[in-house]
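This is data17.cif. It holds mmCIF, N, CA and C atoms.
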data_entry
#
loop_
_atom_site.group_PDB
_atom_site.id
_atom_site.type_symbol
_atom_site.label_atom_id
_atom_site.label_comp_id
_atom_site.auth_asym_id
_atom_site.auth_seq_id
_atom_site.Cartn_x
_atom_site.Cartn_y
_atom_site.Cartn_z
ATOM 1 N N MET A 28 23.406 12.921 61.364
ATOM 2 C CA MET A 28 23.547 13.279 59.974
ATOM 3 C C MET A 28 22.174 13.207 59.298
ATOM 4 N N VAL A 29 21.827 14.207 58.560
ATOM 5 C CA VAL A 29 20.558 14.261 57.859
ATOM 6 C C VAL A 29 20.738 13.642 56.474
ATOM 7 N N ARG A 30 19.864 12.730 56.133
ATOM 8 C CA ARG A 30 19.927 12.100 54.816
ATOM 9 C C ARG A 30 19.082 12.914 53.851
ATOM 10 N N VAL A 31 19.737 13.449 52.846
ATOM 11 C CA VAL A 31 19.029 14.201 51.829
ATOM 12 C C VAL A 31 18.456 13.246 50.791
ATOM 13 N N SER A 32 19.269 12.294 50.366
ATOM 14 C CA SER A 32 18.823 11.324 49.383
ATOM 15 C C SER A 32 19.280 9.929 49.812
ATOM 16 N N VAL A 33 18.346 9.091 50.138
ATOM 17 C CA VAL A 33 18.666 7.733 50.574
ATOM 18 C C VAL A 33 19.301 6.959 49.426
ATOM 19 N N LEU A 34 18.813 7.161 48.209
ATOM 20 C CA LEU A 34 19.361 6.475 47.044
ATOM 21 C C LEU A 34 20.804 6.891 46.804
ATOM 22 N N ASN A 35 21.106 8.165 46.904
ATOM 23 C CA ASN A 35 22.465 8.656 46.701
ATOM 24 C C ASN A 35 23.407 8.102 47.768
ATOM 25 N N ASP A 36 22.980 8.090 49.030
ATOM 26 C CA ASP A 36 23.801 7.536 50.098
ATOM 27 C C ASP A 36 24.076 6.048 49.867
ATOM 28 N N CYS A 37 23.070 5.329 49.428
ATOM 29 C CA CYS A 37 23.211 3.905 49.155
ATOM 30 C C CYS A 37 24.249 3.657 48.065
ATOM 31 N N LEU A 38 24.137 4.378 46.963
ATOM 32 C CA LEU A 38 25.067 4.192 45.849
ATOM 33 C C LEU A 38 26.486 4.577 46.240
ATOM 34 N N ASN A 39 26.649 5.645 47.020
ATOM 35 C CA ASN A 39 27.978 6.036 47.474
ATOM 36 C C ASN A 39 28.579 4.981 48.391
ATOM 37 N N ASN A 40 27.777 4.400 49.280
ATOM 38 C CA ASN A 40 28.265 3.337 50.156
ATOM 39 C C ASN A 40 28.738 2.126 49.357
ATOM 40 N N ILE A 41 27.996 1.766 48.328
ATOM 41 C CA ILE A 41 28.359 0.611 47.511
ATOM 42 C C ILE A 41 29.644 0.873 46.735
ATOM 43 N N VAL A 42 29.747 2.037 46.127
ATOM 44 C CA VAL A 42 30.948 2.371 45.353
ATOM 45 C C VAL A 42 32.172 2.434 46.264
ATOM 46 N N ASN A 43 32.050 3.051 47.433
ATOM 47 C CA ASN A 43 33.176 3.142 48.359
ATOM 48 C C ASN A 43 33.616 1.761 48.852
ATOM 49 N N ALA A 44 32.656 0.900 49.159
ATOM 50 C CA ALA A 44 32.988 -0.443 49.615
ATOM 51 C C ALA A 44 33.666 -1.244 48.507
ATOM 52 N N GLU A 45 33.212 -1.071 47.279
ATOM 53 C CA GLU A 45 33.811 -1.780 46.158
ATOM 54 C C GLU A 45 35.242 -1.314 45.927
ATOM 55 N N ARG A 46 35.494 -0.033 46.082
ATOM 56 C CA ARG A 46 36.856 0.486 45.929
ATOM 57 C C ARG A 46 37.787 -0.046 47.014
ATOM 58 N N ARG A 47 37.263 -0.294 48.199
ATOM 59 C CA ARG A 47 38.072 -0.808 49.307
ATOM 60 C C ARG A 47 38.199 -2.327 49.264
ATOM 61 N N GLY A 48 37.493 -2.973 48.340
ATOM 62 C CA GLY A 48 37.591 -4.423 48.198
ATOM 63 C C GLY A 48 36.658 -5.203 49.104
ATOM 64 N N LYS A 49 35.662 -4.559 49.646
ATOM 65 C CA LYS A 49 34.687 -5.246 50.503
ATOM 66 C C LYS A 49 33.761 -6.102 49.638
ATOM 67 N N ARG A 50 33.333 -7.209 50.199
ATOM 68 C CA ARG A 50 32.440 -8.102 49.464
ATOM 69 C C ARG A 50 30.979 -7.849 49.770
ATOM 70 N N GLN A 51 30.693 -7.226 50.908
ATOM 71 C CA GLN A 51 29.318 -6.984 51.321
ATOM 72 C C GLN A 51 29.172 -5.563 51.850
ATOM 73 N N VAL A 52 27.977 -5.050 51.679
ATOM 74 C CA VAL A 52 27.643 -3.722 52.205
ATOM 75 C C VAL A 52 26.263 -3.817 52.831
ATOM 76 N N LEU A 53 26.125 -3.268 54.023
ATOM 77 C CA LEU A 53 24.828 -3.218 54.686
ATOM 78 C C LEU A 53 24.180 -1.878 54.353
ATOM 79 N N ILE A 54 23.028 -1.936 53.721
ATOM 80 C CA ILE A 54 22.315 -0.726 53.293
ATOM 81 C C ILE A 54 21.104 -0.546 54.188
ATOM 82 N N ARG A 55 21.094 0.575 54.923
ATOM 83 C CA ARG A 55 19.955 0.918 55.759
ATOM 84 C C ARG A 55 19.747 2.401 55.702
ATOM 85 N N PRO A 56 18.615 2.935 55.559
ATOM 86 C CA PRO A 56 17.346 2.266 55.291
ATOM 87 C C PRO A 56 17.271 1.817 53.836
ATOM 88 N N SER A 57 16.461 0.832 53.586
ATOM 89 C CA SER A 57 16.290 0.305 52.242
ATOM 90 C C SER A 57 14.885 0.659 51.752
ATOM 91 N N SER A 58 14.720 0.632 50.444
ATOM 92 C CA SER A 58 13.405 0.915 49.881
ATOM 93 C C SER A 58 13.235 0.127 48.591
ATOM 94 N N LYS A 59 12.029 0.112 48.063
ATOM 95 C CA LYS A 59 11.746 -0.580 46.819
ATOM 96 C C LYS A 59 12.514 0.061 45.663
ATOM 97 N N VAL A 60 12.677 1.383 45.713
ATOM 98 C CA VAL A 60 13.396 2.093 44.660
ATOM 99 C C VAL A 60 14.853 1.644 44.624
ATOM 100 N N ILE A 61 15.489 1.509 45.781
ATOM 101 C CA ILE A 61 16.885 1.073 45.838
ATOM 102 C C ILE A 61 17.022 -0.350 45.293
ATOM 103 N N VAL A 62 16.124 -1.234 45.691
ATOM 104 C CA VAL A 62 16.176 -2.622 45.241
ATOM 105 C C VAL A 62 16.023 -2.704 43.731
ATOM 106 N N LYS A 63 15.071 -1.994 43.173
ATOM 107 C CA LYS A 63 14.841 -2.032 41.732
ATOM 108 C C LYS A 63 15.996 -1.367 40.984
ATOM 109 N N PHE A 64 16.523 -0.259 41.517
ATOM 110 C CA PHE A 64 17.649 0.450 40.904
ATOM 111 C C PHE A 64 18.848 -0.487 40.803
ATOM 112 N N LEU A 65 19.138 -1.216 41.873
ATOM 113 C CA LEU A 65 20.293 -2.109 41.884
ATOM 114 C C LEU A 65 20.072 -3.360 41.048
ATOM 115 N N SER A 66 18.825 -3.771 40.872
ATOM 116 C CA SER A 66 18.567 -4.965 40.066
ATOM 117 C C SER A 66 18.721 -4.695 38.571
ATOM 118 N N LEU A 67 18.743 -3.427 38.167
ATOM 119 C CA LEU A 67 18.867 -3.101 36.747
ATOM 120 C C LEU A 67 20.306 -3.071 36.259
ATOM 121 N N ASN A 68 21.283 -3.138 37.160
ATOM 122 C CA ASN A 68 22.664 -3.024 36.716
ATOM 123 C C ASN A 68 23.544 -4.024 37.432
ATOM 124 N N GLY A 69 24.782 -4.132 36.956
ATOM 125 C CA GLY A 69 25.741 -5.058 37.560
ATOM 126 C C GLY A 69 26.786 -4.298 38.352
ATOM 127 N N ARG A 70 27.980 -4.206 37.820
ATOM 128 C CA ARG A 70 29.084 -3.533 38.501
ATOM 129 C C ARG A 70 28.910 -2.024 38.403
ATOM 130 N N LEU A 71 29.224 -1.337 39.483
ATOM 131 C CA LEU A 71 29.083 0.112 39.531
ATOM 132 C C LEU A 71 30.456 0.768 39.464
ATOM 133 N N ASN A 72 30.770 1.420 38.365
ATOM 134 C CA ASN A 72 32.003 2.190 38.281
ATOM 135 C C ASN A 72 31.747 3.624 38.714
ATOM 136 N N LYS A 73 30.727 4.217 38.140
ATOM 137 C CA LYS A 73 30.351 5.581 38.505
ATOM 138 C C LYS A 73 28.835 5.624 38.533
ATOM 139 N N THR A 74 28.297 6.242 39.549
ATOM 140 C CA THR A 74 26.854 6.355 39.678
ATOM 141 C C THR A 74 26.497 7.790 40.011
ATOM 142 N N GLY A 75 25.269 8.119 39.776
ATOM 143 C CA GLY A 75 24.785 9.435 40.139
ATOM 144 C C GLY A 75 23.286 9.430 40.267
ATOM 145 N N VAL A 76 22.805 10.285 41.133
ATOM 146 C CA VAL A 76 21.370 10.450 41.321
ATOM 147 C C VAL A 76 21.009 11.828 40.797
ATOM 148 N N ILE A 77 19.982 11.895 39.991
ATOM 149 C CA ILE A 77 19.538 13.157 39.417
ATOM 150 C C ILE A 77 18.547 13.789 40.383
ATOM 151 N N SER A 78 18.878 14.977 40.852
ATOM 152 C CA SER A 78 17.990 15.680 41.763
ATOM 153 C C SER A 78 17.953 17.143 41.354
ATOM 154 N N PRO A 79 16.844 17.722 41.068
ATOM 155 C CA PRO A 79 15.481 17.203 41.141
ATOM 156 C C PRO A 79 15.213 16.206 40.021
ATOM 157 N N ARG A 80 14.214 15.404 40.206
ATOM 158 C CA ARG A 80 13.868 14.381 39.219
ATOM 159 C C ARG A 80 13.125 15.026 38.057
ATOM 160 N N PHE A 81 13.866 15.241 36.971
ATOM 161 C CA PHE A 81 13.314 15.919 35.801
ATOM 162 C C PHE A 81 12.338 15.021 35.056
ATOM 163 N N ASN A 82 11.288 15.636 34.514
ATOM 164 C CA ASN A 82 10.361 14.922 33.645
ATOM 165 C C ASN A 82 11.026 14.733 32.291
ATOM 166 N N VAL A 83 10.912 13.526 31.738
ATOM 167 C CA VAL A 83 11.524 13.210 30.457
ATOM 168 C C VAL A 83 10.475 12.574 29.565
ATOM 169 N N GLN A 84 10.303 13.148 28.387
ATOM 170 C CA GLN A 84 9.424 12.548 27.397
ATOM 171 C C GLN A 84 10.229 11.531 26.593
ATOM 172 N N VAL A 85 9.546 10.671 25.855
ATOM 173 C CA VAL A 85 10.221 9.636 25.075
ATOM 174 C C VAL A 85 11.172 10.270 24.066
ATOM 175 N N THR A 86 10.784 11.386 23.496
ATOM 176 C CA THR A 86 11.616 12.032 22.485
ATOM 177 C C THR A 86 12.860 12.688 23.088
ATOM 178 N N GLN A 87 12.865 12.948 24.391
ATOM 179 C CA GLN A 87 14.002 13.596 25.045
ATOM 180 C C GLN A 87 14.988 12.611 25.651
ATOM 181 N N ILE A 88 14.688 11.332 25.651
ATOM 182 C CA ILE A 88 15.560 10.345 26.295
ATOM 183 C C ILE A 88 16.944 10.354 25.655
ATOM 184 N N GLU A 89 17.011 10.421 24.349
ATOM 185 C CA GLU A 89 18.301 10.391 23.647
ATOM 186 C C GLU A 89 19.181 11.573 24.023
ATOM 187 N N SER A 90 18.604 12.750 24.192
ATOM 188 C CA SER A 90 19.410 13.912 24.572
ATOM 189 C C SER A 90 19.952 13.770 25.992
ATOM 190 N N TRP A 91 19.178 13.166 26.905
ATOM 191 C CA TRP A 91 19.673 12.926 28.261
ATOM 192 C C TRP A 91 20.767 11.862 28.270
ATOM 193 N N VAL A 92 20.645 10.851 27.404
ATOM 194 C CA VAL A 92 21.693 9.828 27.290
ATOM 195 C C VAL A 92 22.996 10.485 26.845
ATOM 196 N N ASN A 93 22.931 11.355 25.844
ATOM 197 C CA ASN A 93 24.129 12.045 25.362
ATOM 198 C C ASN A 93 24.719 12.959 26.426
ATOM 199 N N LEU A 94 23.873 13.535 27.258
ATOM 200 C CA LEU A 94 24.328 14.469 28.290
ATOM 201 C C LEU A 94 24.979 13.753 29.480
ATOM 202 N N LEU A 95 24.423 12.618 29.897
ATOM 203 C CA LEU A 95 24.853 11.982 31.146
ATOM 204 C C LEU A 95 25.847 10.839 30.983
ATOM 205 N N LEU A 96 25.792 10.109 29.881
ATOM 206 C CA LEU A 96 26.645 8.930 29.733
ATOM 207 C C LEU A 96 27.896 9.257 28.930
ATOM 208 N N PRO A 97 29.023 8.583 29.225
ATOM 209 C CA PRO A 97 30.285 8.922 28.567
ATOM 210 C C PRO A 97 30.349 8.528 27.090
ATOM 211 N N SER A 98 29.706 7.426 26.698
ATOM 212 C CA SER A 98 29.716 7.032 25.295
ATOM 213 C C SER A 98 28.474 6.206 24.984
ATOM 214 N N ARG A 99 28.246 6.028 23.712
ATOM 215 C CA ARG A 99 27.066 5.304 23.261
ATOM 216 C C ARG A 99 27.198 3.819 23.606
ATOM 217 N N GLY A 100 26.165 3.240 24.159
ATOM 218 C CA GLY A 100 26.178 1.828 24.494
ATOM 219 C C GLY A 100 26.936 1.491 25.766
ATOM 220 N N PHE A 101 27.320 2.493 26.532
ATOM 221 C CA PHE A 101 28.083 2.274 27.757
ATOM 222 C C PHE A 101 27.351 2.937 28.904
ATOM 223 N N GLY A 102 26.707 2.147 29.753
ATOM 224 C CA GLY A 102 25.968 2.682 30.885
ATOM 225 C C GLY A 102 24.485 2.776 30.605
ATOM 226 N N ILE A 103 23.744 3.053 31.671
ATOM 227 C CA ILE A 103 22.294 3.178 31.543
ATOM 228 C C ILE A 103 21.798 4.361 32.369
ATOM 229 N N ILE A 104 20.685 4.900 31.922
ATOM 230 C CA ILE A 104 19.958 5.905 32.684
ATOM 231 C C ILE A 104 18.707 5.224 33.204
ATOM 232 N N ILE A 105 18.379 5.461 34.456
ATOM 233 C CA ILE A 105 17.237 4.796 35.066
ATOM 234 C C ILE A 105 16.121 5.811 35.294
ATOM 235 N N LEU A 106 14.931 5.439 34.819
ATOM 236 C CA LEU A 106 13.750 6.300 34.906
ATOM 237 C C LEU A 106 12.669 5.612 35.714
ATOM 238 N N THR A 107 11.864 6.402 36.391
ATOM 239 C CA THR A 107 10.664 5.867 37.006
ATOM 240 C C THR A 107 9.495 6.269 36.107
ATOM 241 N N THR A 108 8.736 5.283 35.672
ATOM 242 C CA THR A 108 7.663 5.506 34.709
ATOM 243 C C THR A 108 6.368 4.925 35.252
ATOM 244 N N SER A 109 5.321 5.072 34.471
ATOM 245 C CA SER A 109 4.045 4.466 34.846
ATOM 246 C C SER A 109 4.104 2.946 34.729
ATOM 247 N N SER A 110 5.094 2.429 33.987
ATOM 248 C CA SER A 110 5.292 0.981 33.844
ATOM 249 C C SER A 110 6.272 0.428 34.868
ATOM 250 N N GLY A 111 6.707 1.247 35.817
ATOM 251 C CA GLY A 111 7.667 0.819 36.827
ATOM 252 C C GLY A 111 9.011 1.502 36.610
ATOM 253 N N ILE A 112 10.024 1.031 37.300
ATOM 254 C CA ILE A 112 11.371 1.593 37.172
ATOM 255 C C ILE A 112 12.074 0.857 36.043
ATOM 256 N N LEU A 113 12.471 1.602 35.006
ATOM 257 C CA LEU A 113 13.041 1.021 33.793
ATOM 258 C C LEU A 113 14.346 1.711 33.436
ATOM 259 N N ASP A 114 15.194 1.006 32.672
ATOM 260 C CA ASP A 114 16.347 1.685 32.095
ATOM 261 C C ASP A 114 15.904 2.406 30.823
ATOM 262 N N HIS A 115 16.779 3.253 30.281
ATOM 263 C CA HIS A 115 16.363 4.104 29.165
ATOM 264 C C HIS A 115 16.047 3.303 27.905
ATOM 265 N N GLU A 116 16.724 2.171 27.694
ATOM 266 C CA GLU A 116 16.459 1.374 26.495
ATOM 267 C C GLU A 116 15.084 0.722 26.546
ATOM 268 N N GLU A 117 14.744 0.182 27.707
ATOM 269 C CA GLU A 117 13.429 -0.454 27.850
ATOM 270 C C GLU A 117 12.308 0.580 27.803
ATOM 271 N N ALA A 118 12.542 1.763 28.356
ATOM 272 C CA ALA A 118 11.539 2.827 28.296
ATOM 273 C C ALA A 118 11.302 3.247 26.850
ATOM 274 N N ARG A 119 12.377 3.298 26.066
ATOM 275 C CA ARG A 119 12.224 3.650 24.659
ATOM 276 C C ARG A 119 11.467 2.562 23.904
ATOM 277 N N ARG A 120 11.751 1.282 24.217
ATOM 278 C CA ARG A 120 11.039 0.180 23.566
ATOM 279 C C ARG A 120 9.553 0.201 23.896
ATOM 280 N N LYS A 121 9.222 0.509 25.165
ATOM 281 C CA LYS A 121 7.819 0.545 25.591
ATOM 282 C C LYS A 121 7.149 1.864 25.250
ATOM 283 N N ASN A 122 7.930 2.829 24.758
ATOM 284 C CA ASN A 122 7.427 4.138 24.352
ATOM 285 C C ASN A 122 6.759 4.869 25.524
ATOM 286 N N VAL A 123 7.467 4.889 26.678
ATOM 287 C CA VAL A 123 6.977 5.608 27.850
ATOM 288 C C VAL A 123 8.056 6.567 28.354
ATOM 289 N N GLY A 124 7.619 7.696 28.834
ATOM 290 C CA GLY A 124 8.513 8.656 29.471
ATOM 291 C C GLY A 124 8.331 8.574 30.978
ATOM 292 N N GLY A 125 9.034 9.433 31.689
ATOM 293 C CA GLY A 125 8.908 9.410 33.136
ATOM 294 C C GLY A 125 9.807 10.441 33.785
ATOM 295 N N LYS A 126 10.280 10.124 34.976
ATOM 296 C CA LYS A 126 11.171 11.013 35.714
ATOM 297 C C LYS A 126 12.530 10.345 35.857
ATOM 298 N N LEU A 127 13.591 11.145 35.741
ATOM 299 C CA LEU A 127 14.949 10.626 35.865
ATOM 300 C C LEU A 127 15.266 10.302 37.328
ATOM 301 N N LEU A 128 15.786 9.102 37.558
ATOM 302 C CA LEU A 128 16.250 8.725 38.889
ATOM 303 C C LEU A 128 17.766 8.873 38.994
ATOM 304 N N GLY A 129 18.480 8.324 38.013
ATOM 305 C CA GLY A 129 19.929 8.388 38.076
ATOM 306 C C GLY A 129 20.562 7.698 36.883
ATOM 307 N N TYR A 130 21.892 7.569 36.963
ATOM 308 C CA TYR A 130 22.644 6.916 35.892
ATOM 309 C C TYR A 130 23.716 6.029 36.506
ATOM 310 N N VAL A 131 24.113 5.027 35.723
ATOM 311 C CA VAL A 131 25.139 4.079 36.151
ATOM 312 C C VAL A 131 25.999 3.748 34.956
ATOM 313 N N TYR A 132 27.326 3.741 35.160
ATOM 314 C CA TYR A 132 28.231 3.199 34.141
ATOM 315 C C TYR A 132 29.493 2.717 34.786
#
Output the structure of this file as structure tokens.
Amino acid sequence: MVRVSVLNDCLNNIVNAERRGKRQVLIRPSSKVIVKFLSLNGRLNKTGVISPRFNVQVTQIESWVNLLLPSRGFGIIILTTSSGILDHEEARRKNVGGKLLGYVY
């Protein structure tokens, strides 16, 4: 099987295991992006990886939040920026844009 997106496969494995009631999931291959992505959130109800990774300016973050998340204050969008991998709220506070990685809610 050819892996198109390691991050997408990882998130799908976690969501599927959680639905089946598993307590642990073995993720291979792993990367720094996966570790940081998972450290930004808790429980995963629905996840998605944005491909291609669109460039997002600080002024466009709000429009992407409205497009990807089901309601205000519910879920996060994760961006890779020059300051590291951040959620959309922290990126707005630091006034940095970047590329979209995915969303979680």
**Request:** Determine, counting all atoms listed in the file, which protein, DNA and RNA residues have an atom within 7 Å of an atom of A:Gly125; residues of the same chain fewer than 3 positions away are not included. Present the result as a VMD selection string.
**Result:** chain A and resid 81 to 85 106 to 109
**Selection near A:Ile41, 8 Å with only N, CA and C atoms, sequence-local residues under 3 positions removed, as a PyMOL selection string** = chain A and resi 35-38+44-47+51-54+71
**Request:** Just give me the gap between atom N of A:Phe101 and atom CA of A:Pro79 in Å, one decimal is fine.
**Result:** 23.9 Å
**Prompt:** Expanded to explicit residues, what is the PyMOL selection byres (((chain A and resi 64-69 and name CA) around 8) and name CA) for this file, as a PyMOL selection string?
**Reply:** chain A and resi 60-63+70-71+105+112-114+131
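Atom N of A:Ser32 is positioned 22.6 Å from atom C of A:Gly124.
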